[in-house]
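With mmCIF, C-alpha atoms and all ligand atoms inside, this is upload_24.cif:
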data_my_file
#
loop_
_atom_site.label_atom_id
_atom_site.label_comp_id
_atom_site.auth_asym_id
_atom_site.auth_seq_id
_atom_site.Cartn_x
_atom_site.Cartn_y
_atom_site.Cartn_z
CA MET A 1 -5.07 82.49 -0.08
CA PRO A 2 -5.07 79.33 -2.24
CA LYS A 3 -4.68 76.08 -0.35
CA SER A 4 -1.06 75.03 0.13
CA CYS A 5 0.08 72.04 -1.97
CA ARG A 6 0.79 68.98 0.20
CA VAL A 7 4.18 67.65 -0.93
CA LEU A 8 5.44 64.20 0.06
CA VAL A 9 9.11 63.45 -0.64
CA LEU A 10 10.49 59.92 -1.15
CA ILE A 11 14.21 59.44 -0.51
CA SER A 12 16.85 56.74 -0.12
CA GLY A 13 19.93 58.71 0.84
CA ASN A 14 21.53 62.07 1.47
CA GLY A 15 18.47 64.14 0.69
CA SER A 16 20.17 67.28 -0.61
CA ASN A 17 17.33 67.70 -3.12
CA LEU A 18 14.85 67.22 -0.27
CA GLN A 19 16.66 70.04 1.55
CA ALA A 20 16.43 72.31 -1.49
CA VAL A 21 12.68 71.68 -1.71
CA ILE A 22 12.16 72.23 2.04
CA ASP A 23 14.09 75.51 1.89
CA SER A 24 12.18 76.80 -1.14
CA CYS A 25 8.79 75.90 0.37
CA ASP A 26 9.72 77.98 3.41
CA ASP A 27 10.34 80.88 1.04
CA HIS A 28 7.20 80.80 -1.10
CA LEU A 29 4.64 79.02 1.13
CA GLN A 30 2.50 77.76 -1.75
CA ALA A 31 3.74 74.27 -0.99
CA GLU A 32 4.41 72.45 2.25
CA VAL A 33 6.47 69.29 2.73
CA VAL A 34 4.05 67.25 4.86
CA GLY A 35 6.14 64.09 5.05
CA VAL A 36 9.28 62.24 4.03
CA ILE A 37 9.35 58.50 3.37
CA SER A 38 12.60 56.55 3.08
CA ASN A 39 13.20 52.94 2.12
CA GLN A 40 16.54 53.14 3.93
CA PRO A 41 16.47 53.54 7.73
CA ASP A 42 19.86 55.28 7.86
CA ALA A 43 19.21 57.82 5.08
CA TYR A 44 20.64 61.20 6.09
CA GLY A 45 17.59 62.86 4.56
CA LEU A 46 15.55 61.58 7.52
CA MET A 47 17.74 63.70 9.80
CA ARG A 48 17.13 66.71 7.56
CA ALA A 49 13.38 66.12 7.90
CA HIS A 50 13.61 65.83 11.70
CA LEU A 51 15.57 69.08 11.87
CA ALA A 52 12.84 70.76 9.79
CA GLU A 53 10.13 69.23 12.05
CA ILE A 54 8.66 67.21 9.19
CA ASP A 55 7.00 63.85 9.83
CA THR A 56 8.91 60.81 8.57
CA SER A 57 8.21 57.16 7.82
CA CYS A 58 10.49 54.28 6.87
CA VAL A 59 9.20 51.55 4.63
CA ILE A 60 11.98 48.97 4.64
CA ALA A 61 11.88 45.99 2.29
CA HIS A 62 11.60 42.64 4.10
CA SER A 63 13.76 39.81 2.81
CA GLY A 64 11.78 37.56 0.51
CA GLU A 65 9.02 40.11 0.02
CA SER A 66 7.77 40.62 -3.55
CA ARG A 67 7.90 44.02 -5.23
CA GLN A 68 4.09 44.06 -5.19
CA GLU A 69 3.92 43.38 -1.43
CA TYR A 70 6.45 46.10 -0.75
CA ASP A 71 4.61 48.58 -2.94
CA GLN A 72 1.31 47.83 -1.16
CA ARG A 73 2.93 48.76 2.14
CA LEU A 74 4.47 51.84 0.54
CA ALA A 75 1.07 52.85 -0.91
CA LYS A 76 -0.47 52.69 2.59
CA ALA A 77 2.31 54.86 4.00
CA ILE A 78 1.82 57.36 1.17
CA GLU A 79 -1.96 57.54 1.65
CA ARG A 80 -1.56 58.60 5.26
CA TYR A 81 -0.13 61.92 4.03
CA GLN A 82 -2.88 62.66 1.47
CA PRO A 83 -0.32 64.23 -0.88
CA ASP A 84 -1.14 66.54 -3.79
CA LEU A 85 2.37 65.92 -5.19
CA ILE A 86 4.92 63.13 -4.68
CA VAL A 87 8.54 64.11 -5.22
CA LEU A 88 11.10 61.35 -5.80
CA ALA A 89 14.42 62.75 -4.61
CA GLY A 90 17.13 60.12 -4.96
CA PHE A 91 14.59 57.35 -4.35
CA MET A 92 16.35 54.23 -5.60
CA ARG A 93 13.56 51.65 -5.89
CA ILE A 94 11.63 51.05 -9.09
CA LEU A 95 7.89 51.49 -8.44
CA SER A 96 5.28 49.08 -9.78
CA ASN A 97 2.58 50.17 -12.21
CA ASP A 98 -0.26 50.27 -9.65
CA ILE A 99 1.37 52.87 -7.45
CA VAL A 100 2.56 54.95 -10.41
CA ASN A 101 -0.87 54.89 -12.05
CA GLN A 102 -2.57 55.84 -8.77
CA TYR A 103 -0.56 59.08 -8.72
CA LEU A 104 -0.15 59.64 -12.46
CA GLY A 105 0.41 63.35 -13.14
CA LYS A 106 1.10 63.89 -9.43
CA MET A 107 4.50 62.21 -9.15
CA ILE A 108 7.79 63.72 -10.35
CA ASN A 109 11.41 62.55 -10.34
CA ILE A 110 14.80 64.15 -10.78
CA HIS A 111 17.20 62.08 -12.80
CA PRO A 112 20.92 62.84 -13.20
CA SER A 113 21.17 62.88 -17.00
CA LEU A 114 19.82 64.72 -20.01
CA LEU A 115 16.96 62.31 -20.68
CA PRO A 116 16.30 60.40 -22.91
CA LYS A 117 20.03 59.76 -22.54
CA TYR A 118 21.09 57.34 -19.80
CA PRO A 119 17.97 56.16 -17.98
CA GLY A 120 18.74 53.91 -15.00
CA MET A 121 21.93 53.93 -12.96
CA ASN A 122 25.59 55.15 -13.22
CA THR A 123 24.67 58.08 -15.44
CA HIS A 124 27.81 60.16 -14.79
CA GLN A 125 30.20 57.37 -15.72
CA ARG A 126 28.15 56.56 -18.80
CA ALA A 127 28.30 60.19 -19.98
CA LEU A 128 32.10 60.17 -19.49
CA ASP A 129 32.53 56.84 -21.27
CA ALA A 130 30.53 58.15 -24.25
CA GLY A 131 32.80 61.23 -24.49
CA ASP A 132 29.86 63.65 -24.03
CA THR A 133 30.80 67.32 -23.78
CA GLU A 134 27.59 68.18 -21.96
CA HIS A 135 25.62 66.44 -19.26
CA GLY A 136 22.96 67.44 -16.77
CA ALA A 137 19.76 66.63 -14.93
CA SER A 138 16.10 66.24 -15.88
CA VAL A 139 12.89 66.66 -13.90
CA HIS A 140 10.12 64.50 -15.37
CA PHE A 141 6.67 63.16 -14.57
CA VAL A 142 6.84 59.53 -13.46
CA ILE A 143 5.14 56.95 -15.65
CA PRO A 144 5.35 53.15 -15.32
CA GLU A 145 8.22 52.96 -17.81
CA LEU A 146 11.46 53.83 -16.02
CA ASP A 147 12.79 57.37 -16.53
CA ALA A 148 10.63 57.67 -19.66
CA GLY A 149 7.95 60.14 -18.48
CA PRO A 150 7.63 63.57 -20.10
CA VAL A 151 10.49 65.92 -19.26
CA ILE A 152 9.47 69.17 -17.51
CA LEU A 153 12.80 70.96 -17.10
CA GLN A 154 16.44 70.17 -17.73
CA ALA A 155 19.67 71.82 -16.65
CA LYS A 156 22.91 71.38 -18.58
CA ILE A 157 26.48 71.35 -17.35
CA PRO A 158 29.73 71.23 -19.34
CA VAL A 159 32.02 68.21 -19.20
CA TYR A 160 35.72 69.17 -19.08
CA GLU A 161 38.73 67.06 -19.88
CA GLY A 162 39.93 65.17 -16.84
CA ASP A 163 36.54 65.24 -15.09
CA ASP A 164 35.62 62.13 -13.16
CA ALA A 165 32.18 60.86 -12.15
CA GLU A 166 32.43 62.47 -8.71
CA VAL A 167 33.15 65.93 -10.11
CA LEU A 168 30.28 65.57 -12.57
CA ALA A 169 27.92 64.42 -9.82
CA GLN A 170 28.76 67.55 -7.79
CA ARG A 171 28.26 69.83 -10.78
CA VAL A 172 24.93 68.16 -11.60
CA HIS A 173 23.77 68.36 -7.98
CA GLU A 174 24.19 72.13 -7.88
CA GLN A 175 21.87 72.43 -10.90
CA GLU A 176 19.38 69.94 -9.45
CA HIS A 177 18.99 72.11 -6.36
CA ALA A 178 17.99 75.03 -8.59
CA ILE A 179 15.56 73.29 -10.95
CA TYR A 180 13.71 70.91 -8.62
CA PRO A 181 12.30 73.61 -6.31
CA LEU A 182 11.24 75.64 -9.36
CA VAL A 183 9.23 72.71 -10.76
CA VAL A 184 7.61 72.07 -7.36
CA LYS A 185 6.61 75.72 -7.24
CA TRP A 186 5.07 75.57 -10.76
CA PHE A 187 3.04 72.53 -9.73
CA ALA A 188 1.92 74.16 -6.48
CA GLN A 189 0.82 77.23 -8.41
CA GLY A 190 -1.38 75.01 -10.59
CA ARG A 191 0.59 75.93 -13.72
CA LEU A 192 2.00 72.47 -14.48
CA ALA A 193 0.19 69.27 -15.49
CA MET A 194 0.65 66.08 -17.45
CA VAL A 195 -1.93 65.92 -20.25
CA ASN A 196 -2.01 63.07 -22.81
CA GLY A 197 1.51 62.05 -21.78
CA LYS A 198 2.93 65.56 -22.28
CA ALA A 199 4.21 68.11 -19.78
CA ILE A 200 2.08 71.26 -20.00
CA LEU A 201 3.18 74.54 -18.40
CA ASP A 202 0.88 77.56 -18.58
CA ASP A 203 -1.29 75.69 -21.14
CA LYS A 204 1.67 75.12 -23.49
CA ASP A 205 3.47 71.88 -24.32
CA VAL A 206 7.03 72.34 -23.01
CA GLY A 207 8.46 70.15 -25.80
CA PRO A 208 10.66 67.06 -25.69
CA SER A 209 13.56 68.61 -23.74
CA GLY A 210 11.39 70.48 -21.26
CA TYR A 211 10.88 74.19 -20.73
CA ALA A 212 13.70 76.44 -22.06
CA PRO A 213 16.21 73.70 -22.83
CA ASP A 214 18.96 76.10 -24.04
N1 LIG B 1 9.44 53.93 -10.98
C1 LIG B 1 8.80 54.01 -12.14
N2 LIG B 1 7.80 53.15 -12.35
N3 LIG B 1 9.11 54.91 -13.11
C2 LIG B 1 10.13 55.76 -12.92
O1 LIG B 1 10.43 56.63 -13.86
C3 LIG B 1 10.87 55.72 -11.70
C4 LIG B 1 10.48 54.77 -10.75
C5 LIG B 1 11.18 54.66 -9.54
C6 LIG B 1 12.28 55.45 -9.30
C7 LIG B 1 13.99 57.11 -10.06
C8 LIG B 1 15.03 56.53 -11.03
C9 LIG B 1 16.13 57.50 -11.40
O2 LIG B 1 15.97 58.73 -11.33
C10 LIG B 1 12.71 56.36 -10.28
C11 LIG B 1 11.99 56.53 -11.46
C12 LIG B 1 16.01 53.35 -9.24
C13 LIG B 1 16.43 52.53 -10.30
C14 LIG B 1 16.88 51.12 -10.06
O3 LIG B 1 17.36 50.47 -10.96
C15 LIG B 1 16.39 53.07 -11.56
C16 LIG B 1 15.94 54.36 -11.78
C17 LIG B 1 15.51 55.15 -10.72
C18 LIG B 1 15.56 54.65 -9.45
N4 LIG B 1 16.71 50.57 -8.84
C19 LIG B 1 17.04 49.21 -8.46
C20 LIG B 1 15.74 48.39 -8.25
O4 LIG B 1 15.82 47.17 -8.52
C21 LIG B 1 17.82 49.17 -7.18
C22 LIG B 1 19.11 49.88 -7.25
C23 LIG B 1 19.78 50.08 -5.89
O5 LIG B 1 19.12 49.87 -4.84
O6 LIG B 1 20.93 50.49 -5.87
O7 LIG B 1 14.73 48.94 -7.78
O8 LIG B 1 17.20 57.05 -11.88
C1 LIG B 2 20.50 63.01 -7.27
O1 LIG B 2 21.62 63.34 -8.06
C2 LIG B 2 19.43 62.40 -8.13
O2 LIG B 2 19.38 62.93 -9.42
C3 LIG B 2 19.87 60.97 -8.16
O3 LIG B 2 20.39 60.69 -6.89
C4 LIG B 2 20.87 61.89 -6.30
C5 LIG B 2 20.22 62.06 -4.96
O4 LIG B 2 20.85 63.04 -4.22
N1 LIG B 2 18.80 60.09 -8.44
C6 LIG B 2 19.01 58.88 -8.92
O5 LIG B 2 20.09 58.49 -9.26
C7 LIG B 2 17.78 58.03 -8.99
N2 LIG B 2 18.13 56.77 -9.50
P1 LIG B 2 20.22 63.59 -2.87
O6 LIG B 2 19.83 62.39 -2.02
O7 LIG B 2 21.31 64.37 -2.23
O8 LIG B 2 19.04 64.44 -3.24
#

Please go through the file and, once you have read it, give me the structure as structure tokens.
Ligand code: NHR
Ligand code: GAR
Amino acid sequence: MPKSCRVLVLISGNGSNLQAVIDSCDDHLQAEVVGVISNQPDAYGLMRAHLAEIDTSCVIAHSGESRQEYDQRLAKAIERYQPDLIVLAGFMRILSNDIVNQYLGKMINIHPSLLPKYPGMNTHQRALDAGDTEHGASVHFVIPELDAGPVILQAKIPVYEGDDAEVLAQRVHEQEHAIYPLVVKWFAQGRLAMVNGKAILDDKDVGPSGYAPD
């Protein structure tokens, strides 16, 4: 039996993607969620972790603290779990270069847009305002530049007339819960890596839109 991949999940909120990853790890056993860290003490995802008997930590920003000071405390909390993979799942704080570079190629994020469109916040409203007829979610490796790391896998959803941001968010979420566990599994199986700034699956470059974009 190959050693199980130690997965650490960082959250700020509801944690439905955390739940999808927990559930899929139970199914395939190549990966194990060894901890959940939140920057928000009241994040519902912490309750999900407790219910799944997963260790949790809160690293709450102090008022007046610099980003660097916060990230040093976060780095200490992360190290305690000795993760093989860090999964950002609705984690809403930008990470400084040191922490990203320490885990380069071992940290992934799910972002609610078809990157490179709409990095940052309010992605659903921005897709609506632009009149896009398709939208979606992207899983990417995290690099220091925000939402700019190589895309691993995307999922597309249609945008219908009369949709609002809430409807789009729900539609995107359903796809996120399918693609994020799949990417975690690929990584745990040792099939996925970041090489020279590119996402490589089974020794092949997945291309700019990730594996099987259409
Ligand atoms: N850090 C780095 N260096 N690179 C990335 O690609 C990152 C990252 C940290 C988080 C997730 C990301 C997303 O999927 C992510 C990717 C937060 C913000 C943000 O503006 C932007 C993108 C993401 C997460 N955060 C504000 C901040 O000042 C706070 C916003 C709030 O609290 O509501 O940190 O979209
Ligand atoms: C997800 O839609 C994720 O793509 C998004 O937040 C949601 C978290 O949901 N991430 C960001 O916007 C990061 N800036 P969840 O807490 O239920 O997994």

request  = Choose the residue, out of A:His111, A:Arg6, A:Arg67, A:Arg80, that has the smallest atom-to-atom separation from ligand LIG 1 (chain B); count only C-alpha atoms and all ligand atoms.
outcome  = A:His111

Can I get the residues of chain A within 6 Å of ligand LIG 2 (chain B), each with the closest pair of atoms and their distance in Å to one decimal, using all atoms listed in the file, sorted chain first then ascending number, as CSV?
residue,atom,partner,partner_atom,distance
A:Gly13,CA,B:LIG2,O6,4.7
A:Asn14,CA,B:LIG2,O6,3.9
A:Gly15,CA,B:LIG2,O6,3.5
A:Ser16,CA,B:LIG2,O7,3.5
A:Asn17,CA,B:LIG2,O8,3.7
A:Leu18,CA,B:LIG2,O8,5.8
A:Ala89,CA,B:LIG2,O8,5.1
A:Gly90,CA,B:LIG2,C5,3.6
A:Phe91,CA,B:LIG2,C7,5.7
A:Met92,CA,B:LIG2,N2,5.0
A:Ile110,CA,B:LIG2,O2,4.9
A:His111,CA,B:LIG2,O2,4.1
A:Pro112,CA,B:LIG2,O2,4.1
A:Met121,CA,B:LIG2,N2,5.9
A:His173,CA,B:LIG2,O1,5.5

Just-selected residues, C-alpha atoms written as an mmCIF file, in the frame of the given file:
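again_0.cif written:
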data_model
loop_
_atom_site.group_PDB
_atom_site.id
_atom_site.type_symbol
_atom_site.label_atom_id
_atom_site.label_comp_id
_atom_site.auth_asym_id
_atom_site.auth_seq_id
_atom_site.Cartn_x
_atom_site.Cartn_y
_atom_site.Cartn_z
ATOM 1 C CA GLY A 13 19.930 58.710 0.840
ATOM 2 C CA ASN A 14 21.530 62.070 1.470
ATOM 3 C CA GLY A 15 18.470 64.140 0.690
ATOM 4 C CA SER A 16 20.170 67.280 -0.610
ATOM 5 C CA ASN A 17 17.330 67.700 -3.120
ATOM 6 C CA LEU A 18 14.850 67.220 -0.270
ATOM 7 C CA ALA A 89 14.420 62.750 -4.610
ATOM 8 C CA GLY A 90 17.130 60.120 -4.960
ATOM 9 C CA PHE A 91 14.590 57.350 -4.350
ATOM 10 C CA MET A 92 16.350 54.230 -5.600
ATOM 11 C CA ILE A 110 14.800 64.150 -10.780
ATOM 12 C CA HIS A 111 17.200 62.080 -12.800
ATOM 13 C CA PRO A 112 20.920 62.840 -13.200
ATOM 14 C CA MET A 121 21.930 53.930 -12.960
ATOM 15 C CA HIS A 173 23.770 68.360 -7.980
#

message = Quick check, in Å to one decimal: how far apart do atom C18 of ligand LIG 1 (chain B) and CA of His62 in chain A lie?
response = 18.5 Å

inquiry  = Please list as a list in words every residue within 10 Å of range 126-133 of chain A, counting all atoms listed in the file and excluding residues in the same chain fewer than 5 positions away.
reply    =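 That gives Ser113, Leu114, Lys117, Tyr118, Met121, Ile157, Pro158, Val159, Tyr160, Glu161, Gly162, Asp163, Asp164, Ala165 and Leu168 of chain A.
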
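For the atom pair formed by CA of Ile37 in chain A and CA of Ser57 in chain A, the distance is 4.8 Å, given to one decimal.
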
inquiry  = Please find the residues contacting ligand LIG 1 (chain B) at a distance of at most 10 Å between atoms, with all atoms listed in the file counted, and report them as a ChimeraX atom specification.
reply    = /A:10-12,39-40,67,88-101,107-113,118-123,137-150

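Each of A:Gly136, A:Gly45, A:Gly207, A:Gly105 was checked against Glu174 in chain A using all atoms listed in the file; the smallest atom-to-atom distance is that of A:Gly136.
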
ask   = Can you tell me how far CA of Ala20 in chain A sits from CA of His177 in chain A, in Å to one decimal?
value = 5.5 Å

Close residues, Val183 in chain A itself excluded, 10 Å, all atoms listed in the file, min 6 positions apart in chain, as a PyMOL selection string = chain A and resi 21+108+139-140+152-153+189+191-192+201

Restricted to C-alpha atoms, what would the selected residues look like written as a PDB file, keeping the file's coordinate frame?
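In the end it all went to result28.pdb:
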ATOM      1  CA  VAL A  21      12.680  71.680  -1.710  1.00  0.00           C
ATOM      2  CA  ILE A 108       7.790  63.720 -10.350  1.00  0.00           C
ATOM      3  CA  VAL A 139      12.890  66.660 -13.900  1.00  0.00           C
ATOM      4  CA  HIS A 140      10.120  64.500 -15.370  1.00  0.00           C
ATOM      5  CA  ILE A 152       9.470  69.170 -17.510  1.00  0.00           C
ATOM      6  CA  LEU A 153      12.800  70.960 -17.100  1.00  0.00           C
ATOM      7  CA  GLN A 189       0.820  77.230  -8.410  1.00  0.00           C
ATOM      8  CA  ARG A 191       0.590  75.930 -13.720  1.00  0.00           C
ATOM      9  CA  LEU A 192       2.000  72.470 -14.480  1.00  0.00           C
ATOM     10  CA  LEU A 201       3.180  74.540 -18.400  1.00  0.00           C
TER      11      LEU A 201
END

Residue completion, range 93-104 of chain A, all heavy atoms, as a PDB file, in the coordinates of the input:
ATOM      1  N   ARG A  93      14.334  52.875  -5.595  1.00  0.00           N
ATOM      2  CA  ARG A  93      13.560  51.650  -5.890  1.00  0.00           C
ATOM      3  C   ARG A  93      12.624  51.903  -7.051  1.00  0.00           C
ATOM      4  O   ARG A  93      11.878  52.882  -7.060  1.00  0.00           O
ATOM      5  CB  ARG A  93      12.709  51.266  -4.684  1.00  0.00           C
ATOM      6  CG  ARG A  93      13.339  50.269  -3.753  1.00  0.00           C
ATOM      7  CD  ARG A  93      12.309  49.813  -2.738  1.00  0.00           C
ATOM      8  NE  ARG A  93      11.453  48.788  -3.285  1.00  0.00           N
ATOM      9  CZ  ARG A  93      11.598  47.493  -3.054  1.00  0.00           C
ATOM     10  NH1 ARG A  93      12.559  47.075  -2.280  1.00  0.00           N
ATOM     11  NH2 ARG A  93      10.775  46.605  -3.588  1.00  0.00           N
ATOM     12  N   ILE A  94      12.590  50.968  -7.989  1.00  0.00           N
ATOM     13  CA  ILE A  94      11.630  51.050  -9.090  1.00  0.00           C
ATOM     14  C   ILE A  94      10.233  50.796  -8.524  1.00  0.00           C
ATOM     15  O   ILE A  94      10.046  49.895  -7.705  1.00  0.00           O
ATOM     16  CB  ILE A  94      11.992  50.019 -10.178  1.00  0.00           C
ATOM     17  CG1 ILE A  94      13.372  50.358 -10.777  1.00  0.00           C
ATOM     18  CG2 ILE A  94      10.933  49.979 -11.258  1.00  0.00           C
ATOM     19  CD1 ILE A  94      13.931  49.302 -11.686  1.00  0.00           C
ATOM     20  N   LEU A  95       9.267  51.601  -8.934  1.00  0.00           N
ATOM     21  CA  LEU A  95       7.890  51.490  -8.440  1.00  0.00           C
ATOM     22  C   LEU A  95       7.042  50.704  -9.436  1.00  0.00           C
ATOM     23  O   LEU A  95       7.174  50.866 -10.650  1.00  0.00           O
ATOM     24  CB  LEU A  95       7.289  52.886  -8.241  1.00  0.00           C
ATOM     25  CG  LEU A  95       7.999  53.750  -7.206  1.00  0.00           C
ATOM     26  CD1 LEU A  95       7.543  55.198  -7.307  1.00  0.00           C
ATOM     27  CD2 LEU A  95       7.753  53.213  -5.805  1.00  0.00           C
ATOM     28  N   SER A  96       6.132  49.886  -8.902  1.00  0.00           N
ATOM     29  CA  SER A  96       5.280  49.080  -9.780  1.00  0.00           C
ATOM     30  C   SER A  96       4.177  49.936 -10.390  1.00  0.00           C
ATOM     31  O   SER A  96       3.875  51.039  -9.912  1.00  0.00           O
ATOM     32  CB  SER A  96       4.698  47.901  -9.014  1.00  0.00           C
ATOM     33  OG  SER A  96       4.023  48.367  -7.878  1.00  0.00           O
ATOM     34  N   ASN A  97       3.557  49.397 -11.438  1.00  0.00           N
ATOM     35  CA  ASN A  97       2.580  50.170 -12.210  1.00  0.00           C
ATOM     36  C   ASN A  97       1.430  50.703 -11.360  1.00  0.00           C
ATOM     37  O   ASN A  97       0.982  51.833 -11.563  1.00  0.00           O
ATOM     38  CB  ASN A  97       2.000  49.311 -13.330  1.00  0.00           C
ATOM     39  CG  ASN A  97       3.055  48.930 -14.347  1.00  0.00           C
ATOM     40  OD1 ASN A  97       4.217  49.292 -14.186  1.00  0.00           O
ATOM     41  ND2 ASN A  97       2.657  48.226 -15.372  1.00  0.00           N
ATOM     42  N   ASP A  98       0.921  49.872 -10.430  1.00  0.00           N
ATOM     43  CA  ASP A  98      -0.260  50.270  -9.650  1.00  0.00           C
ATOM     44  C   ASP A  98      -0.026  51.596  -8.933  1.00  0.00           C
ATOM     45  O   ASP A  98      -0.847  52.505  -8.979  1.00  0.00           O
ATOM     46  CB  ASP A  98      -0.601  49.208  -8.597  1.00  0.00           C
ATOM     47  CG  ASP A  98      -1.268  48.003  -9.230  1.00  0.00           C
ATOM     48  OD1 ASP A  98      -1.524  48.060 -10.452  1.00  0.00           O
ATOM     49  OD2 ASP A  98      -1.518  47.022  -8.508  1.00  0.00           O
ATOM     50  N   ILE A  99       1.092  51.687  -8.265  1.00  0.00           N
ATOM     51  CA  ILE A  99       1.370  52.870  -7.450  1.00  0.00           C
ATOM     52  C   ILE A  99       1.624  54.083  -8.352  1.00  0.00           C
ATOM     53  O   ILE A  99       1.174  55.190  -8.066  1.00  0.00           O
ATOM     54  CB  ILE A  99       2.539  52.565  -6.477  1.00  0.00           C
ATOM     55  CG1 ILE A  99       2.542  53.491  -5.285  1.00  0.00           C
ATOM     56  CG2 ILE A  99       3.848  52.610  -7.120  1.00  0.00           C
ATOM     57  CD1 ILE A  99       3.360  52.902  -4.137  1.00  0.00           C
ATOM     58  N   VAL A 100       2.302  53.846  -9.468  1.00  0.00           N
ATOM     59  CA  VAL A 100       2.560  54.950 -10.410  1.00  0.00           C
ATOM     60  C   VAL A 100       1.239  55.435 -11.015  1.00  0.00           C
ATOM     61  O   VAL A 100       0.978  56.646 -11.083  1.00  0.00           O
ATOM     62  CB  VAL A 100       3.539  54.518 -11.514  1.00  0.00           C
ATOM     63  CG1 VAL A 100       3.650  55.589 -12.595  1.00  0.00           C
ATOM     64  CG2 VAL A 100       4.918  54.241 -10.921  1.00  0.00           C
ATOM     65  N   ASN A 101       0.399  54.500 -11.422  1.00  0.00           N
ATOM     66  CA  ASN A 101      -0.870  54.890 -12.050  1.00  0.00           C
ATOM     67  C   ASN A 101      -1.807  55.585 -11.070  1.00  0.00           C
ATOM     68  O   ASN A 101      -2.580  56.462 -11.458  1.00  0.00           O
ATOM     69  CB  ASN A 101      -1.556  53.676 -12.685  1.00  0.00           C
ATOM     70  CG  ASN A 101      -0.843  53.260 -13.965  1.00  0.00           C
ATOM     71  OD1 ASN A 101      -0.281  54.102 -14.665  1.00  0.00           O
ATOM     72  ND2 ASN A 101      -0.839  51.974 -14.261  1.00  0.00           N
ATOM     73  N   GLN A 102      -1.735  55.191  -9.794  1.00  0.00           N
ATOM     74  CA  GLN A 102      -2.570  55.840  -8.770  1.00  0.00           C
ATOM     75  C   GLN A 102      -2.244  57.333  -8.657  1.00  0.00           C
ATOM     76  O   GLN A 102      -3.132  58.141  -8.370  1.00  0.00           O
ATOM     77  CB  GLN A 102      -2.350  55.137  -7.422  1.00  0.00           C
ATOM     78  CG  GLN A 102      -3.314  55.578  -6.346  1.00  0.00           C
ATOM     79  CD  GLN A 102      -3.068  54.854  -5.029  1.00  0.00           C
ATOM     80  OE1 GLN A 102      -2.283  53.899  -4.962  1.00  0.00           O
ATOM     81  NE2 GLN A 102      -3.723  55.319  -3.972  1.00  0.00           N
ATOM     82  N   TYR A 103      -0.984  57.677  -8.874  1.00  0.00           N
ATOM     83  CA  TYR A 103      -0.560  59.080  -8.720  1.00  0.00           C
ATOM     84  C   TYR A 103      -0.079  59.687 -10.044  1.00  0.00           C
ATOM     85  O   TYR A 103       0.705  60.639 -10.051  1.00  0.00           O
ATOM     86  CB  TYR A 103       0.523  59.180  -7.648  1.00  0.00           C
ATOM     87  CG  TYR A 103      -0.005  58.833  -6.277  1.00  0.00           C
ATOM     88  CD1 TYR A 103       0.198  57.583  -5.721  1.00  0.00           C
ATOM     89  CD2 TYR A 103      -0.767  59.751  -5.557  1.00  0.00           C
ATOM     90  CE1 TYR A 103      -0.321  57.250  -4.475  1.00  0.00           C
ATOM     91  CE2 TYR A 103      -1.294  59.436  -4.315  1.00  0.00           C
ATOM     92  CZ  TYR A 103      -1.060  58.180  -3.783  1.00  0.00           C
ATOM     93  OH  TYR A 103      -1.591  57.872  -2.556  1.00  0.00           O
ATOM     94  N   LEU A 104      -0.565  59.151 -11.152  1.00  0.00           N
ATOM     95  CA  LEU A 104      -0.150  59.640 -12.460  1.00  0.00           C
ATOM     96  C   LEU A 104      -0.435  61.139 -12.592  1.00  0.00           C
ATOM     97  O   LEU A 104      -1.535  61.601 -12.282  1.00  0.00           O
ATOM     98  CB  LEU A 104      -0.909  58.866 -13.549  1.00  0.00           C
ATOM     99  CG  LEU A 104      -0.248  58.765 -14.917  1.00  0.00           C
ATOM    100  CD1 LEU A 104       1.079  58.016 -14.843  1.00  0.00           C
ATOM    101  CD2 LEU A 104      -1.183  58.035 -15.890  1.00  0.00           C
TER     102      LEU A 104
END
